[in-house]
Amino acid sequence: MNLINEASPHFHGDSQTTKIMGAVCLALLPTLIAAIVLYGLGSAVVTLVCVATALVCEHLCCIIMKRESTAGDFSCVVTGMLLAFTLPATCPWWVAALGTAFAIVVVKMLFGGIGTNVFNPAVAGRVFIMVCLPSALSSYPDVQGKALDAITGATPLAMNAAGAEPYSYLDMLLGNHAGALGETCILTLLLGYIFLLAIKVVDGWATVPFIATVAIVTGCAGEDIIYQLLSGGLALGAFFMATDYTTTPMTPRGKIIFGIGCGLITALVRLFASAPEGVAFSILFMNMFVPLIDRYTRTQPVGGVKNALI
């Protein structure tokens with residue numbers, strides 16, 4: 001009899017990438033519907049372009065890399081949807097396609113594909129567009145009921161930074177204001193997150209510290225805490241990006257550190273930087289430290305020595 005002595009765990013669950021990513025897509029669907037209702041069919045076009053580009057780019061990369069295609073596991077669909085949710089409904093289709101291609105080809109596939117990328121592809125795609133094509137993100141359409149012909153309006157954070165009269169909490173909760181597709185209707189984002197929590201696809205170890213840190217820091221600075229929590233990309237980032245399996249720490253302690261770091265950077269950017277929002281930059285910055293966080297927070301094996309972590 002051959003005795004195999006290997007490190008734990010020694011059991012397999014029934015979770016599969018396709019099932020997990022499919023559940024995330026389902027959780028994002030209510031927000032997509034809300035965006036279409038709020039901003040019109042332009043929301044659907046931007047999302048479709050991002051998803052289609054992600055599928056094509058990942059499939060072509062797999063062909064070039066001579067490996068089995070992973071385009072059907074829905075991970076690239078999630079990336080496409082999340083990136084689309086950071087863009088306005090009026091974003092030119094070629095800008096959305098270019099940002100998605102960068103996210104999939106450069107950020108994901110050049111690092112080896114799903115499970116090996118260092119940075120969150122959707123967030124990196126957003127920052128790529130923000131840096132290289134800022135004009136595409138310079139204006140956002142107001143809701144159809146308030147402004148015809150997609151007249152651009154200021155986002156809540158931009159209004160807050162300019163000292164203008166803020167939106168009401170109810171408008172913020174329901175997405176009744178100008179903004180990106182997934183940065184508006186907080187209610188649908190929350191419902192999607194609760195769904196993922198219920199089926200145990202995600203947890204709150206990073207999300208809760210992320211949101212709590214933003215609340216504490218902005219509150220100490222004299223800002224309206226509720227307004228800060230309901231505005232910008234905080235909900236989208238905390239619910240669906242800070243819970244990414246690959247680019248966030250593996251242990252609960254590590255996730256707490258990651259969430260606090262994201263929240264602190266987000267709050268500091270909102271308070272002191274020229275840009276009104278900092279969620280994307282905070283997540284990318286903390287992504288760099290995930291290997292280090294994992295190294296010093298992973299569980300010590302029974303009988304192991306501390307030097308084994310080196």
# chains A, B, ... in the order shown; residues from 1 in each chain; ligands from 1

$ residues_around --residues "A:Leu87" --least-positions-apart "2" --cutoff "10 Å" --atoms "only C-alpha atoms" --output "list in words"
Ser43, Val46, Thr47, Leu82, Leu83, Ala84, Phe85, Ala89, Thr90, Cys91, Pro92, Val95, Ala96, Arg126, Ile129, Met130, Ala136, Leu137, Tyr140, Gly179, Ala180, Leu181, Gly182 and Glu183 of chain A

$ select_by_dssp --residues "stretch 62-307 of chain A" --states "strand (DSSP E)" --output "list of chain:residue names"
A:Tyr140, A:Pro141, A:Thr152, A:Gly153

$ residues_around --residues "A:Phe111" --least-positions-apart "5" --cutoff "12 Å" --atoms "only C-alpha atoms" --output "ChimeraX atom specification"
/A:61,65,103-106,116-121,246

$ select_by_dssp --residues "stretch 174-209 of chain A" --states "helix (DSSP H, G or I)" --output "list in words"
Leu174, Ile186, Leu187, Thr188, Leu189, Leu190, Leu191, Gly192, Tyr193, Ile194, Phe195, Leu196, Leu197, Ala198, Thr207, Val208 and Pro209 of chain A

$ residues_around --residues "A:Val202" --least-positions-apart "6" --cutoff "10 Å" --atoms "only C-alpha atoms" --output "short mmCIF file (atom, residue, chain, number, x, y, z; two decimals) with all heavy atoms, in the first residue's frame"
data_model
loop_
_atom_site.label_atom_id
_atom_site.label_comp_id
_atom_site.auth_asym_id
_atom_site.auth_seq_id
_atom_site.Cartn_x
_atom_site.Cartn_y
_atom_site.Cartn_z
N ILE A 20 -19.50 29.31 -10.10
CA ILE A 20 -19.24 30.50 -9.28
C ILE A 20 -19.39 31.77 -10.11
O ILE A 20 -20.07 32.72 -9.71
CB ILE A 20 -17.83 30.43 -8.66
CG1 ILE A 20 -17.77 29.29 -7.64
CG2 ILE A 20 -17.46 31.76 -8.02
CD1 ILE A 20 -16.39 29.03 -7.10
N VAL A 24 -22.09 34.99 -10.07
CA VAL A 24 -21.73 36.41 -10.02
C VAL A 24 -22.44 37.17 -11.14
O VAL A 24 -22.95 38.29 -10.93
CB VAL A 24 -20.21 36.59 -10.12
CG1 VAL A 24 -19.85 38.07 -10.16
CG2 VAL A 24 -19.51 35.91 -8.94
N TYR A 193 -25.16 41.28 -3.84
CA TYR A 193 -24.16 40.86 -2.86
C TYR A 193 -24.77 39.92 -1.82
O TYR A 193 -24.16 38.91 -1.45
CB TYR A 193 -23.57 42.09 -2.19
CG TYR A 193 -22.57 41.78 -1.11
CD1 TYR A 193 -21.34 41.19 -1.41
CD2 TYR A 193 -22.84 42.08 0.23
CE1 TYR A 193 -20.41 40.90 -0.41
CE2 TYR A 193 -21.92 41.80 1.22
CZ TYR A 193 -20.71 41.22 0.90
OH TYR A 193 -19.80 40.93 1.88
N ILE A 194 -25.97 40.24 -1.36
CA ILE A 194 -26.65 39.38 -0.39
C ILE A 194 -26.90 38.00 -0.99
O ILE A 194 -26.75 36.97 -0.32
CB ILE A 194 -27.97 40.03 0.08
CG1 ILE A 194 -27.67 41.27 0.91
CG2 ILE A 194 -28.81 39.04 0.88
CD1 ILE A 194 -28.90 42.06 1.30
N PHE A 195 -27.26 37.97 -2.27
CA PHE A 195 -27.46 36.69 -2.96
C PHE A 195 -26.18 35.87 -2.95
O PHE A 195 -26.20 34.66 -2.66
CB PHE A 195 -27.93 36.95 -4.39
CG PHE A 195 -27.85 35.75 -5.29
CD1 PHE A 195 -28.74 34.69 -5.14
CD2 PHE A 195 -26.88 35.67 -6.29
CE1 PHE A 195 -28.67 33.58 -5.97
CE2 PHE A 195 -26.81 34.56 -7.12
CZ PHE A 195 -27.71 33.51 -6.96
N LEU A 196 -25.05 36.49 -3.24
CA LEU A 196 -23.77 35.77 -3.25
C LEU A 196 -23.38 35.32 -1.85
O LEU A 196 -22.78 34.25 -1.68
CB LEU A 196 -22.67 36.65 -3.85
CG LEU A 196 -22.82 37.00 -5.34
CD1 LEU A 196 -21.67 37.87 -5.79
CD2 LEU A 196 -22.89 35.74 -6.19
N PHE A 239 -18.37 45.18 -2.85
CA PHE A 239 -19.21 43.99 -2.99
C PHE A 239 -18.68 42.99 -4.02
O PHE A 239 -18.75 41.78 -3.82
CB PHE A 239 -20.63 44.39 -3.39
CG PHE A 239 -21.38 45.16 -2.34
CD1 PHE A 239 -22.50 45.91 -2.68
CD2 PHE A 239 -20.98 45.14 -1.01
CE1 PHE A 239 -23.20 46.62 -1.72
CE2 PHE A 239 -21.67 45.86 -0.05
CZ PHE A 239 -22.78 46.60 -0.41
N PHE A 240 -18.14 43.50 -5.14
CA PHE A 240 -17.84 42.60 -6.25
C PHE A 240 -16.37 42.58 -6.69
O PHE A 240 -15.98 41.68 -7.44
CB PHE A 240 -18.69 42.98 -7.47
CG PHE A 240 -20.15 42.73 -7.27
CD1 PHE A 240 -21.00 43.75 -6.90
CD2 PHE A 240 -20.68 41.45 -7.43
CE1 PHE A 240 -22.36 43.52 -6.71
CE2 PHE A 240 -22.03 41.21 -7.23
CZ PHE A 240 -22.88 42.24 -6.88
N ALA A 242 -13.52 43.65 -4.33
CA ALA A 242 -12.70 43.29 -3.18
C ALA A 242 -12.96 41.86 -2.72
O ALA A 242 -12.33 41.39 -1.77
CB ALA A 242 -12.96 44.26 -2.02
N THR A 243 -13.87 41.17 -3.38
CA THR A 243 -14.17 39.78 -3.05
C THR A 243 -13.66 38.81 -4.12
O THR A 243 -13.97 37.63 -4.08
CB THR A 243 -15.70 39.59 -2.90
OG1 THR A 243 -16.36 40.06 -4.09
CG2 THR A 243 -16.23 40.36 -1.71
N ASP A 244 -12.86 39.33 -5.05
CA ASP A 244 -12.31 38.49 -6.11
C ASP A 244 -11.39 37.43 -5.51
O ASP A 244 -10.54 37.73 -4.67
CB ASP A 244 -11.54 39.37 -7.11
CG ASP A 244 -10.89 38.56 -8.22
OD1 ASP A 244 -11.61 37.80 -8.89
OD2 ASP A 244 -9.67 38.70 -8.40
N TYR A 245 -11.53 36.19 -5.97
CA TYR A 245 -10.76 35.09 -5.40
C TYR A 245 -9.26 35.23 -5.65
O TYR A 245 -8.44 34.94 -4.79
CB TYR A 245 -11.23 33.76 -5.98
CG TYR A 245 -12.57 33.28 -5.48
CD1 TYR A 245 -13.13 32.10 -5.95
CD2 TYR A 245 -13.30 34.01 -4.54
CE1 TYR A 245 -14.36 31.66 -5.50
CE2 TYR A 245 -14.52 33.58 -4.08
CZ TYR A 245 -15.06 32.39 -4.57
OH TYR A 245 -16.26 31.95 -4.11
#

$ atom_distance --atom1 "atom CA of A:Thr213" --atom2 "atom CA of A:Ser282"
12.4 Å

$ closest_residue --among "A:Ile283, A:Cys57, A:Ile63, A:Leu174" --to "A:Ala35" --atoms "only C-alpha atoms"
A:Leu174

$ closest_residue --among "A:Ile257, A:Leu187, A:Leu32, A:Val45" --to "A:Phe289" --atoms "only C-alpha atoms"
A:Ile257

$ residues_around --residues "stretch 218-222 of chain A" --least-positions-apart "5" --cutoff "12 Å" --atoms "only C-alpha atoms" --output "list of chain:residue names"
A:Ile211, A:Ala212, A:Thr213, A:Tyr227, A:Gln228, A:Leu229, A:Gly263, A:Leu264, A:Ile265, A:Thr266, A:Ala267, A:Leu268, A:Val269, A:Arg270, A:Leu271, A:Phe272

$ closest_residue --among "A:Leu29, A:Leu157, A:Ala34, A:Met21" --to "A:Asp224" --atoms "only C-alpha atoms"
A:Leu157

$ residues_around --residues "A:Gly175" --least-positions-apart "6" --cutoff "12 Å" --atoms "only C-alpha atoms" --output "ChimeraX atom specification"
/A:31-39,142-145,155-156,167-169,181-189,230-232

$ closest_residue --among "A:Ile256, A:Leu234, A:Ala44, A:Ala101" --to "A:Pro209" --atoms "only C-alpha atoms"
A:Ile256

$ decode --residues "stretch 82-98 of chain A" --atoms "all heavy atoms" --output "PDB file, in the first residue's frame"
ATOM      1  N   LEU A  82     -18.158  43.820 -15.101  1.00  0.00           N
ATOM      2  CA  LEU A  82     -17.659  44.726 -14.071  1.00  0.00           C
ATOM      3  C   LEU A  82     -17.005  45.958 -14.685  1.00  0.00           C
ATOM      4  O   LEU A  82     -17.180  47.079 -14.198  1.00  0.00           O
ATOM      5  CB  LEU A  82     -16.671  43.999 -13.157  1.00  0.00           C
ATOM      6  CG  LEU A  82     -17.273  42.982 -12.189  1.00  0.00           C
ATOM      7  CD1 LEU A  82     -16.176  42.275 -11.412  1.00  0.00           C
ATOM      8  CD2 LEU A  82     -18.249  43.653 -11.224  1.00  0.00           C
ATOM      9  N   LEU A  83     -16.250  45.757 -15.755  1.00  0.00           N
ATOM     10  CA  LEU A  83     -15.634  46.912 -16.419  1.00  0.00           C
ATOM     11  C   LEU A  83     -16.706  47.824 -16.999  1.00  0.00           C
ATOM     12  O   LEU A  83     -16.625  49.056 -16.870  1.00  0.00           O
ATOM     13  CB  LEU A  83     -14.679  46.438 -17.512  1.00  0.00           C
ATOM     14  CG  LEU A  83     -14.010  47.548 -18.340  1.00  0.00           C
ATOM     15  CD1 LEU A  83     -13.288  48.539 -17.437  1.00  0.00           C
ATOM     16  CD2 LEU A  83     -13.055  46.955 -19.359  1.00  0.00           C
ATOM     17  N   ALA A  84     -17.710  47.232 -17.635  1.00  0.00           N
ATOM     18  CA  ALA A  84     -18.804  48.037 -18.189  1.00  0.00           C
ATOM     19  C   ALA A  84     -19.503  48.839 -17.105  1.00  0.00           C
ATOM     20  O   ALA A  84     -19.925  49.984 -17.325  1.00  0.00           O
ATOM     21  CB  ALA A  84     -19.807  47.133 -18.901  1.00  0.00           C
ATOM     22  N   PHE A  85     -19.609  48.266 -15.910  1.00  0.00           N
ATOM     23  CA  PHE A  85     -20.298  48.939 -14.807  1.00  0.00           C
ATOM     24  C   PHE A  85     -19.518  50.141 -14.286  1.00  0.00           C
ATOM     25  O   PHE A  85     -20.066  50.951 -13.536  1.00  0.00           O
ATOM     26  CB  PHE A  85     -20.537  47.960 -13.662  1.00  0.00           C
ATOM     27  CG  PHE A  85     -21.711  47.036 -13.893  1.00  0.00           C
ATOM     28  CD1 PHE A  85     -22.305  46.934 -15.147  1.00  0.00           C
ATOM     29  CD2 PHE A  85     -22.217  46.266 -12.871  1.00  0.00           C
ATOM     30  CE1 PHE A  85     -23.377  46.082 -15.364  1.00  0.00           C
ATOM     31  CE2 PHE A  85     -23.295  45.418 -13.075  1.00  0.00           C
ATOM     32  CZ  PHE A  85     -23.870  45.329 -14.321  1.00  0.00           C
ATOM     33  N   THR A  86     -18.242  50.265 -14.658  1.00  0.00           N
ATOM     34  CA  THR A  86     -17.459  51.435 -14.244  1.00  0.00           C
ATOM     35  C   THR A  86     -17.483  52.534 -15.300  1.00  0.00           C
ATOM     36  O   THR A  86     -16.856  53.580 -15.104  1.00  0.00           O
ATOM     37  CB  THR A  86     -15.989  51.053 -13.981  1.00  0.00           C
ATOM     38  OG1 THR A  86     -15.351  50.689 -15.211  1.00  0.00           O
ATOM     39  CG2 THR A  86     -15.893  49.897 -13.005  1.00  0.00           C
ATOM     40  N   LEU A  87     -18.202  52.307 -16.396  1.00  0.00           N
ATOM     41  CA  LEU A  87     -18.224  53.255 -17.510  1.00  0.00           C
ATOM     42  C   LEU A  87     -19.594  53.928 -17.627  1.00  0.00           C
ATOM     43  O   LEU A  87     -20.605  53.349 -17.216  1.00  0.00           O
ATOM     44  CB  LEU A  87     -17.910  52.535 -18.824  1.00  0.00           C
ATOM     45  CG  LEU A  87     -16.595  51.753 -18.877  1.00  0.00           C
ATOM     46  CD1 LEU A  87     -16.482  51.009 -20.206  1.00  0.00           C
ATOM     47  CD2 LEU A  87     -15.401  52.671 -18.667  1.00  0.00           C
ATOM     48  N   PRO A  88     -19.652  55.114 -18.202  1.00  0.00           N
ATOM     49  CA  PRO A  88     -20.956  55.759 -18.445  1.00  0.00           C
ATOM     50  C   PRO A  88     -21.650  55.137 -19.643  1.00  0.00           C
ATOM     51  O   PRO A  88     -21.007  54.518 -20.509  1.00  0.00           O
ATOM     52  CB  PRO A  88     -20.575  57.215 -18.727  1.00  0.00           C
ATOM     53  CG  PRO A  88     -19.188  57.143 -19.281  1.00  0.00           C
ATOM     54  CD  PRO A  88     -18.519  56.001 -18.558  1.00  0.00           C
ATOM     55  N   ALA A  89     -22.949  55.286 -19.723  1.00  0.00           N
ATOM     56  CA  ALA A  89     -23.717  54.726 -20.833  1.00  0.00           C
ATOM     57  C   ALA A  89     -23.364  55.376 -22.163  1.00  0.00           C
ATOM     58  O   ALA A  89     -23.617  54.799 -23.223  1.00  0.00           O
ATOM     59  CB  ALA A  89     -25.212  54.891 -20.560  1.00  0.00           C
ATOM     60  N   THR A  90     -22.774  56.565 -22.112  1.00  0.00           N
ATOM     61  CA  THR A  90     -22.387  57.278 -23.327  1.00  0.00           C
ATOM     62  C   THR A  90     -20.962  56.987 -23.758  1.00  0.00           C
ATOM     63  O   THR A  90     -20.455  57.606 -24.696  1.00  0.00           O
ATOM     64  CB  THR A  90     -22.541  58.788 -23.118  1.00  0.00           C
ATOM     65  OG1 THR A  90     -21.816  59.174 -21.930  1.00  0.00           O
ATOM     66  CG2 THR A  90     -24.008  59.169 -22.951  1.00  0.00           C
ATOM     67  N   CYS A  91     -20.286  56.064 -23.089  1.00  0.00           N
ATOM     68  CA  CYS A  91     -18.905  55.728 -23.434  1.00  0.00           C
ATOM     69  C   CYS A  91     -18.848  55.183 -24.864  1.00  0.00           C
ATOM     70  O   CYS A  91     -19.613  54.282 -25.210  1.00  0.00           O
ATOM     71  CB  CYS A  91     -18.348  54.692 -22.468  1.00  0.00           C
ATOM     72  SG  CYS A  91     -16.650  54.186 -22.804  1.00  0.00           S
ATOM     73  N   PRO A  92     -17.971  55.686 -25.733  1.00  0.00           N
ATOM     74  CA  PRO A  92     -17.840  55.168 -27.097  1.00  0.00           C
ATOM     75  C   PRO A  92     -17.528  53.673 -27.083  1.00  0.00           C
ATOM     76  O   PRO A  92     -16.763  53.196 -26.239  1.00  0.00           O
ATOM     77  CB  PRO A  92     -16.664  55.972 -27.672  1.00  0.00           C
ATOM     78  CG  PRO A  92     -16.638  57.229 -26.862  1.00  0.00           C
ATOM     79  CD  PRO A  92     -17.063  56.830 -25.484  1.00  0.00           C
ATOM     80  N   TRP A  93     -18.112  52.948 -28.020  1.00  0.00           N
ATOM     81  CA  TRP A  93     -17.958  51.488 -28.021  1.00  0.00           C
ATOM     82  C   TRP A  93     -16.505  51.073 -28.165  1.00  0.00           C
ATOM     83  O   TRP A  93     -16.059  50.084 -27.564  1.00  0.00           O
ATOM     84  CB  TRP A  93     -18.807  50.874 -29.135  1.00  0.00           C
ATOM     85  CG  TRP A  93     -18.317  51.174 -30.528  1.00  0.00           C
ATOM     86  CD1 TRP A  93     -18.680  52.196 -31.336  1.00  0.00           C
ATOM     87  CD2 TRP A  93     -17.324  50.438 -31.251  1.00  0.00           C
ATOM     88  NE1 TRP A  93     -17.995  52.164 -32.524  1.00  0.00           N
ATOM     89  CE2 TRP A  93     -17.161  51.095 -32.506  1.00  0.00           C
ATOM     90  CE3 TRP A  93     -16.570  49.309 -30.981  1.00  0.00           C
ATOM     91  CZ2 TRP A  93     -16.262  50.638 -33.470  1.00  0.00           C
ATOM     92  CZ3 TRP A  93     -15.665  48.849 -31.936  1.00  0.00           C
ATOM     93  CH2 TRP A  93     -15.520  49.502 -33.165  1.00  0.00           C
ATOM     94  N   TRP A  94     -15.727  51.836 -28.951  1.00  0.00           N
ATOM     95  CA  TRP A  94     -14.334  51.436 -29.177  1.00  0.00           C
ATOM     96  C   TRP A  94     -13.479  51.658 -27.923  1.00  0.00           C
ATOM     97  O   TRP A  94     -12.499  50.936 -27.695  1.00  0.00           O
ATOM     98  CB  TRP A  94     -13.741  52.194 -30.362  1.00  0.00           C
ATOM     99  CG  TRP A  94     -13.701  53.689 -30.211  1.00  0.00           C
ATOM    100  CD1 TRP A  94     -14.662  54.599 -30.542  1.00  0.00           C
ATOM    101  CD2 TRP A  94     -12.603  54.453 -29.661  1.00  0.00           C
ATOM    102  NE1 TRP A  94     -14.262  55.871 -30.244  1.00  0.00           N
ATOM    103  CE2 TRP A  94     -12.999  55.819 -29.714  1.00  0.00           C
ATOM    104  CE3 TRP A  94     -11.357  54.120 -29.164  1.00  0.00           C
ATOM    105  CZ2 TRP A  94     -12.168  56.834 -29.255  1.00  0.00           C
ATOM    106  CZ3 TRP A  94     -10.530  55.138 -28.706  1.00  0.00           C
ATOM    107  CH2 TRP A  94     -10.932  56.474 -28.764  1.00  0.00           C
ATOM    108  N   VAL A  95     -13.860  52.623 -27.093  1.00  0.00           N
ATOM    109  CA  VAL A  95     -13.158  52.831 -25.831  1.00  0.00           C
ATOM    110  C   VAL A  95     -13.430  51.660 -24.885  1.00  0.00           C
ATOM    111  O   VAL A  95     -12.518  51.133 -24.236  1.00  0.00           O
ATOM    112  CB  VAL A  95     -13.589  54.158 -25.180  1.00  0.00           C
ATOM    113  CG1 VAL A  95     -12.990  54.291 -23.780  1.00  0.00           C
ATOM    114  CG2 VAL A  95     -13.171  55.337 -26.044  1.00  0.00           C
ATOM    115  N   ALA A  96     -14.695  51.256 -24.822  1.00  0.00           N
ATOM    116  CA  ALA A  96     -15.060  50.108 -23.990  1.00  0.00           C
ATOM    117  C   ALA A  96     -14.341  48.849 -24.457  1.00  0.00           C
ATOM    118  O   ALA A  96     -13.847  48.059 -23.640  1.00  0.00           O
ATOM    119  CB  ALA A  96     -16.577  49.908 -24.024  1.00  0.00           C
ATOM    120  N   ALA A  97     -14.266  48.655 -25.774  1.00  0.00           N
ATOM    121  CA  ALA A  97     -13.594  47.480 -26.329  1.00  0.00           C
ATOM    122  C   ALA A  97     -12.098  47.520 -26.039  1.00  0.00           C
ATOM    123  O   ALA A  97     -11.490  46.492 -25.680  1.00  0.00           O
ATOM    124  CB  ALA A  97     -13.841  47.395 -27.839  1.00  0.00           C
ATOM    125  N   LEU A  98     -11.480  48.682 -26.171  1.00  0.00           N
ATOM    126  CA  LEU A  98     -10.045  48.818 -25.932  1.00  0.00           C
ATOM    127  C   LEU A  98      -9.703  48.556 -24.467  1.00  0.00           C
ATOM    128  O   LEU A  98      -8.728  47.858 -24.154  1.00  0.00           O
ATOM    129  CB  LEU A  98      -9.585  50.215 -26.341  1.00  0.00           C
ATOM    130  CG  LEU A  98      -8.072  50.490 -26.285  1.00  0.00           C
ATOM    131  CD1 LEU A  98      -7.331  49.554 -27.234  1.00  0.00           C
ATOM    132  CD2 LEU A  98      -7.789  51.942 -26.641  1.00  0.00           C
TER     133      LEU A  98
END
